[in-house]
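target32.txt follows (compact mmCIF, N, CA and C atoms):
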```txt
# COMPACT_ATOMS: atom_id res chain seq x y z
N MET R 968 60.20 195.33 141.65
CA MET R 968 59.83 195.66 140.29
C MET R 968 59.34 194.37 139.61
N GLU R 969 58.25 194.47 138.93
CA GLU R 969 57.69 193.30 138.26
C GLU R 969 58.48 192.96 137.01
N ALA R 970 58.32 191.73 136.56
CA ALA R 970 59.07 191.25 135.40
C ALA R 970 58.76 192.06 134.15
N VAL R 971 57.51 192.41 133.97
CA VAL R 971 57.12 193.16 132.77
C VAL R 971 57.78 194.54 132.77
N GLU R 972 57.85 195.16 133.93
CA GLU R 972 58.51 196.47 134.02
C GLU R 972 60.01 196.34 133.74
N ARG R 973 60.63 195.27 134.24
CA ARG R 973 62.05 195.05 133.96
C ARG R 973 62.28 194.86 132.47
N VAL R 974 61.39 194.11 131.82
CA VAL R 974 61.51 193.89 130.37
C VAL R 974 61.38 195.21 129.63
N GLN R 975 60.45 196.03 130.04
CA GLN R 975 60.27 197.34 129.40
C GLN R 975 61.53 198.20 129.55
N ARG R 976 62.12 198.19 130.72
CA ARG R 976 63.33 198.99 130.95
C ARG R 976 64.50 198.45 130.13
N LEU R 977 64.64 197.15 130.06
CA LEU R 977 65.73 196.57 129.28
C LEU R 977 65.56 196.88 127.79
N ARG R 978 64.34 196.79 127.30
CA ARG R 978 64.09 197.13 125.89
C ARG R 978 64.33 198.61 125.63
N ALA R 979 64.01 199.46 126.59
CA ALA R 979 64.26 200.90 126.44
C ALA R 979 65.76 201.17 126.35
N MET R 980 66.56 200.43 127.12
CA MET R 980 68.01 200.60 127.05
C MET R 980 68.52 200.21 125.66
N GLY R 981 67.99 199.13 125.12
CA GLY R 981 68.37 198.72 123.77
C GLY R 981 67.98 199.76 122.74
N SER R 982 66.82 200.34 122.92
CA SER R 982 66.35 201.37 121.99
C SER R 982 67.25 202.61 122.05
N LEU R 983 67.65 202.99 123.25
CA LEU R 983 68.55 204.14 123.40
C LEU R 983 69.89 203.89 122.71
N CYS R 984 70.40 202.68 122.84
CA CYS R 984 71.67 202.35 122.19
C CYS R 984 71.54 202.43 120.67
N ARG R 985 70.42 201.95 120.13
CA ARG R 985 70.21 202.03 118.69
C ARG R 985 70.09 203.48 118.22
N GLN R 986 69.41 204.30 119.01
CA GLN R 986 69.29 205.71 118.66
C GLN R 986 70.65 206.39 118.66
N GLN R 987 71.47 206.08 119.68
CA GLN R 987 72.81 206.67 119.73
C GLN R 987 73.66 206.19 118.57
N ALA R 988 73.50 204.95 118.17
CA ALA R 988 74.28 204.41 117.06
C ALA R 988 73.96 205.14 115.76
N ALA R 989 72.73 205.59 115.62
CA ALA R 989 72.34 206.30 114.41
C ALA R 989 73.07 207.64 114.27
N TYR R 990 73.46 208.23 115.39
CA TYR R 990 74.10 209.55 115.37
C TYR R 990 75.60 209.50 115.69
N ASN R 991 76.11 208.36 116.07
CA ASN R 991 77.51 208.26 116.45
C ASN R 991 78.18 207.19 115.60
N SER R 992 78.67 207.59 114.44
CA SER R 992 79.24 206.62 113.50
C SER R 992 80.54 205.99 114.01
N MET R 993 81.25 206.69 114.89
CA MET R 993 82.51 206.15 115.42
C MET R 993 82.28 204.92 116.30
N ASN R 994 81.19 204.92 117.03
CA ASN R 994 80.89 203.81 117.96
C ASN R 994 79.65 203.03 117.55
N LYS R 995 79.27 203.13 116.30
CA LYS R 995 78.03 202.53 115.81
C LYS R 995 77.96 201.04 116.14
N TRP R 996 79.01 200.27 115.80
CA TRP R 996 78.95 198.82 115.98
C TRP R 996 78.96 198.42 117.45
N LYS R 997 79.69 199.19 118.24
CA LYS R 997 79.71 198.92 119.68
C LYS R 997 78.32 199.16 120.28
N LEU R 998 77.69 200.26 119.88
CA LEU R 998 76.36 200.58 120.41
C LEU R 998 75.30 199.59 119.92
N LEU R 999 75.43 199.14 118.67
CA LEU R 999 74.47 198.14 118.17
C LEU R 999 74.65 196.81 118.89
N ALA R 1000 75.90 196.46 119.20
CA ALA R 1000 76.14 195.23 119.97
C ALA R 1000 75.56 195.36 121.38
N GLU R 1001 75.70 196.53 121.96
CA GLU R 1001 75.14 196.75 123.29
C GLU R 1001 73.61 196.69 123.26
N ALA R 1002 73.01 197.22 122.21
CA ALA R 1002 71.56 197.15 122.06
C ALA R 1002 71.11 195.69 121.97
N GLU R 1003 71.86 194.90 121.23
CA GLU R 1003 71.53 193.48 121.13
C GLU R 1003 71.64 192.79 122.48
N TYR R 1004 72.64 193.19 123.26
CA TYR R 1004 72.83 192.65 124.60
C TYR R 1004 71.61 192.95 125.48
N TRP R 1005 71.15 194.21 125.46
CA TRP R 1005 69.99 194.58 126.27
C TRP R 1005 68.74 193.81 125.83
N ASP R 1006 68.58 193.64 124.53
CA ASP R 1006 67.43 192.88 124.02
C ASP R 1006 67.52 191.42 124.46
N HIS R 1007 68.73 190.89 124.47
CA HIS R 1007 68.93 189.50 124.91
C HIS R 1007 68.55 189.37 126.39
N LEU R 1008 68.96 190.33 127.21
CA LEU R 1008 68.59 190.30 128.63
C LEU R 1008 67.07 190.38 128.81
N ALA R 1009 66.43 191.21 128.00
CA ALA R 1009 64.97 191.33 128.06
C ALA R 1009 64.31 190.01 127.70
N ASP R 1010 64.83 189.33 126.66
CA ASP R 1010 64.28 188.04 126.27
C ASP R 1010 64.45 187.01 127.38
N LEU R 1011 65.61 187.01 128.02
CA LEU R 1011 65.85 186.09 129.13
C LEU R 1011 64.89 186.36 130.29
N GLU R 1012 64.70 187.62 130.61
CA GLU R 1012 63.80 187.99 131.70
C GLU R 1012 62.37 187.56 131.39
N LEU R 1013 61.94 187.79 130.16
CA LEU R 1013 60.58 187.41 129.76
C LEU R 1013 60.41 185.89 129.79
N SER R 1014 61.41 185.19 129.31
CA SER R 1014 61.36 183.73 129.31
C SER R 1014 61.29 183.19 130.74
N ALA R 1015 62.11 183.75 131.62
CA ALA R 1015 62.10 183.32 133.03
C ALA R 1015 60.75 183.61 133.67
N HIS R 1016 60.16 184.74 133.33
CA HIS R 1016 58.84 185.09 133.88
C HIS R 1016 57.79 184.06 133.48
N PHE R 1017 57.76 183.69 132.19
CA PHE R 1017 56.76 182.73 131.73
C PHE R 1017 57.04 181.34 132.28
N GLN R 1018 58.30 180.99 132.48
CA GLN R 1018 58.61 179.69 133.09
C GLN R 1018 58.10 179.65 134.52
N ARG R 1019 58.27 180.76 135.25
CA ARG R 1019 57.75 180.80 136.62
C ARG R 1019 56.23 180.71 136.61
N CYS R 1020 55.58 181.42 135.69
CA CYS R 1020 54.12 181.37 135.60
C CYS R 1020 53.64 179.97 135.28
N ASN R 1021 54.29 179.32 134.33
CA ASN R 1021 53.89 177.97 133.94
C ASN R 1021 54.15 176.98 135.05
N ALA R 1022 55.23 177.16 135.80
CA ALA R 1022 55.53 176.27 136.91
C ALA R 1022 54.47 176.42 138.00
N ASN R 1023 54.07 177.66 138.28
CA ASN R 1023 53.02 177.88 139.27
C ASN R 1023 51.71 177.27 138.82
N SER R 1024 51.39 177.41 137.55
CA SER R 1024 50.16 176.85 137.01
C SER R 1024 50.18 175.33 137.08
N ALA R 1025 51.33 174.73 136.76
CA ALA R 1025 51.44 173.27 136.80
C ALA R 1025 51.33 172.77 138.23
N ASP R 1026 51.87 173.51 139.19
CA ASP R 1026 51.76 173.11 140.60
C ASP R 1026 50.32 173.11 141.05
N GLU R 1027 49.54 174.09 140.59
CA GLU R 1027 48.14 174.16 140.98
C GLU R 1027 47.36 172.99 140.40
N LYS R 1028 47.69 172.58 139.17
CA LYS R 1028 46.98 171.48 138.54
C LYS R 1028 47.33 170.15 139.17
N GLU R 1029 48.57 170.01 139.65
CA GLU R 1029 49.02 168.73 140.19
C GLU R 1029 48.68 168.54 141.66
N ARG R 1030 48.24 169.58 142.32
CA ARG R 1030 47.88 169.44 143.74
C ARG R 1030 46.69 168.51 143.85
N PRO R 1031 46.77 167.55 144.76
CA PRO R 1031 45.64 166.61 144.89
C PRO R 1031 44.42 167.31 145.46
N GLN R 1032 43.30 166.88 144.99
CA GLN R 1032 42.04 167.39 145.51
C GLN R 1032 41.75 166.67 146.83
N ALA R 1033 40.66 167.03 147.45
CA ALA R 1033 40.30 166.39 148.71
C ALA R 1033 40.17 164.89 148.50
N ILE R 1034 40.79 164.13 149.38
CA ILE R 1034 40.76 162.66 149.27
C ILE R 1034 39.43 162.20 149.85
N PRO R 1035 38.69 161.40 149.08
CA PRO R 1035 37.39 160.93 149.58
C PRO R 1035 37.57 160.00 150.78
N THR R 1036 36.69 160.15 151.73
CA THR R 1036 36.72 159.29 152.92
C THR R 1036 35.84 158.08 152.67
N ALA R 1037 35.85 157.16 153.59
CA ALA R 1037 35.05 155.94 153.46
C ALA R 1037 33.57 156.28 153.38
N ASN R 1038 33.14 157.32 154.06
CA ASN R 1038 31.72 157.71 154.04
C ASN R 1038 31.32 158.23 152.66
N ASP R 1039 32.26 158.89 151.96
CA ASP R 1039 31.94 159.44 150.64
C ASP R 1039 31.82 158.34 149.59
N ALA R 1040 32.50 157.22 149.79
CA ALA R 1040 32.54 156.17 148.78
C ALA R 1040 31.40 155.15 148.94
N GLY R 1041 30.51 155.34 149.89
CA GLY R 1041 29.43 154.38 150.15
C GLY R 1041 28.39 154.34 149.03
N PRO R 1042 27.44 153.42 149.12
CA PRO R 1042 26.40 153.30 148.10
C PRO R 1042 25.51 154.52 148.09
N LYS R 1043 25.03 154.84 146.90
CA LYS R 1043 24.17 156.01 146.76
C LYS R 1043 22.79 155.54 146.29
N THR R 1044 21.77 156.21 146.78
CA THR R 1044 20.42 155.89 146.40
C THR R 1044 20.06 156.66 145.15
N ILE R 1045 19.53 155.94 144.17
CA ILE R 1045 19.11 156.56 142.93
C ILE R 1045 17.60 156.58 142.95
N SER R 1046 17.03 157.76 142.85
CA SER R 1046 15.57 157.85 142.90
C SER R 1046 15.02 157.80 141.48
N ALA R 1047 13.89 157.13 141.34
CA ALA R 1047 13.23 157.06 140.03
C ALA R 1047 12.36 158.29 139.86
N ALA R 1048 12.33 158.77 138.67
CA ALA R 1048 11.54 159.96 138.41
C ALA R 1048 10.10 159.67 138.20
```

Using structure tokens, write down the structure from this file.
Amino acid sequence: MEAVERVQRLRAMGSLCRQQAAYNSMNKWKLLAEAEYWDHLADLELSAHFQRCNANSADEKERPQAIPTANDAGPKTISAA
């Protein structure tokens, strides 16, 4: 399951808890706390996803390009126009 799908599912769980809290006054605070918990997990998952994406992007930028050989560094002829 992809990170975005996991975030959607976690947010849906939080939404369900909030909906139940609206109709269940006896457990309202417990359900609202649980909704906050699910939202917190979704935030953590999203944060971890972007950290992985940024780490992959940084790795690509830091990879060395082809190292020039002695033949590549030689004198070049400049032609006059």

Which neighbours of R:Cys984 fall inside 8 Å, counting only N, CA and C atoms, when residues of the same chain fewer than 6 positions from it are skipped, and could you give them as a PDB file with N, CA and C atoms, keeping the file's coordinate frame?
```pdb
ATOM      1  N   ARG R 978      64.340 196.790 127.300  1.00  0.00           N
ATOM      2  CA  ARG R 978      64.090 197.130 125.890  1.00  0.00           C
ATOM      3  C   ARG R 978      64.330 198.610 125.630  1.00  0.00           C
ATOM      4  N   LYS R 995      79.270 203.130 116.300  1.00  0.00           N
ATOM      5  CA  LYS R 995      78.030 202.530 115.810  1.00  0.00           C
ATOM      6  C   LYS R 995      77.960 201.040 116.140  1.00  0.00           C
ATOM      7  N   LYS R 997      79.690 199.190 118.240  1.00  0.00           N
ATOM      8  CA  LYS R 997      79.710 198.920 119.680  1.00  0.00           C
ATOM      9  C   LYS R 997      78.320 199.160 120.280  1.00  0.00           C
ATOM     10  N   LEU R 998      77.690 200.260 119.880  1.00  0.00           N
ATOM     11  CA  LEU R 998      76.360 200.580 120.410  1.00  0.00           C
ATOM     12  C   LEU R 998      75.300 199.590 119.920  1.00  0.00           C
ATOM     13  N   LEU R 999      75.430 199.140 118.670  1.00  0.00           N
ATOM     14  CA  LEU R 999      74.470 198.140 118.170  1.00  0.00           C
ATOM     15  C   LEU R 999      74.650 196.810 118.890  1.00  0.00           C
ATOM     16  N   ALA R1000      75.900 196.460 119.200  1.00  0.00           N
ATOM     17  CA  ALA R1000      76.140 195.230 119.970  1.00  0.00           C
ATOM     18  C   ALA R1000      75.560 195.360 121.380  1.00  0.00           C
ATOM     19  N   GLU R1001      75.700 196.530 121.960  1.00  0.00           N
ATOM     20  CA  GLU R1001      75.140 196.750 123.290  1.00  0.00           C
ATOM     21  C   GLU R1001      73.610 196.690 123.260  1.00  0.00           C
ATOM     22  N   ALA R1002      73.010 197.220 122.210  1.00  0.00           N
ATOM     23  CA  ALA R1002      71.560 197.150 122.060  1.00  0.00           C
ATOM     24  C   ALA R1002      71.110 195.690 121.970  1.00  0.00           C
ATOM     25  N   GLU R1003      71.860 194.900 121.230  1.00  0.00           N
ATOM     26  CA  GLU R1003      71.530 193.480 121.130  1.00  0.00           C
ATOM     27  C   GLU R1003      71.640 192.790 122.480  1.00  0.00           C
TER      28      GLU R1003
END
```

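Our summary of the geometry notes that atom N of R:Asn1023 is positioned 14.8 Å from atom N of R:Ala970.
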
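Of note, atom N of R:Gly981 and atom N of R:Ser1014 are spaced 16.0 Å apart.
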
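Pairwise distance (atom C of R:Asp1006, atom CA of R:Leu977) equals 7.3 Å.
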
Mind checking which residues fall within 12 Å of R:Gln975, counting only C-alpha atoms, ignoring those fewer than 5 positions away in the same chain, and posting them as a ChimeraX atom specification? /R:968-970,980-982,1005-1006,1008-1010,1012-1013
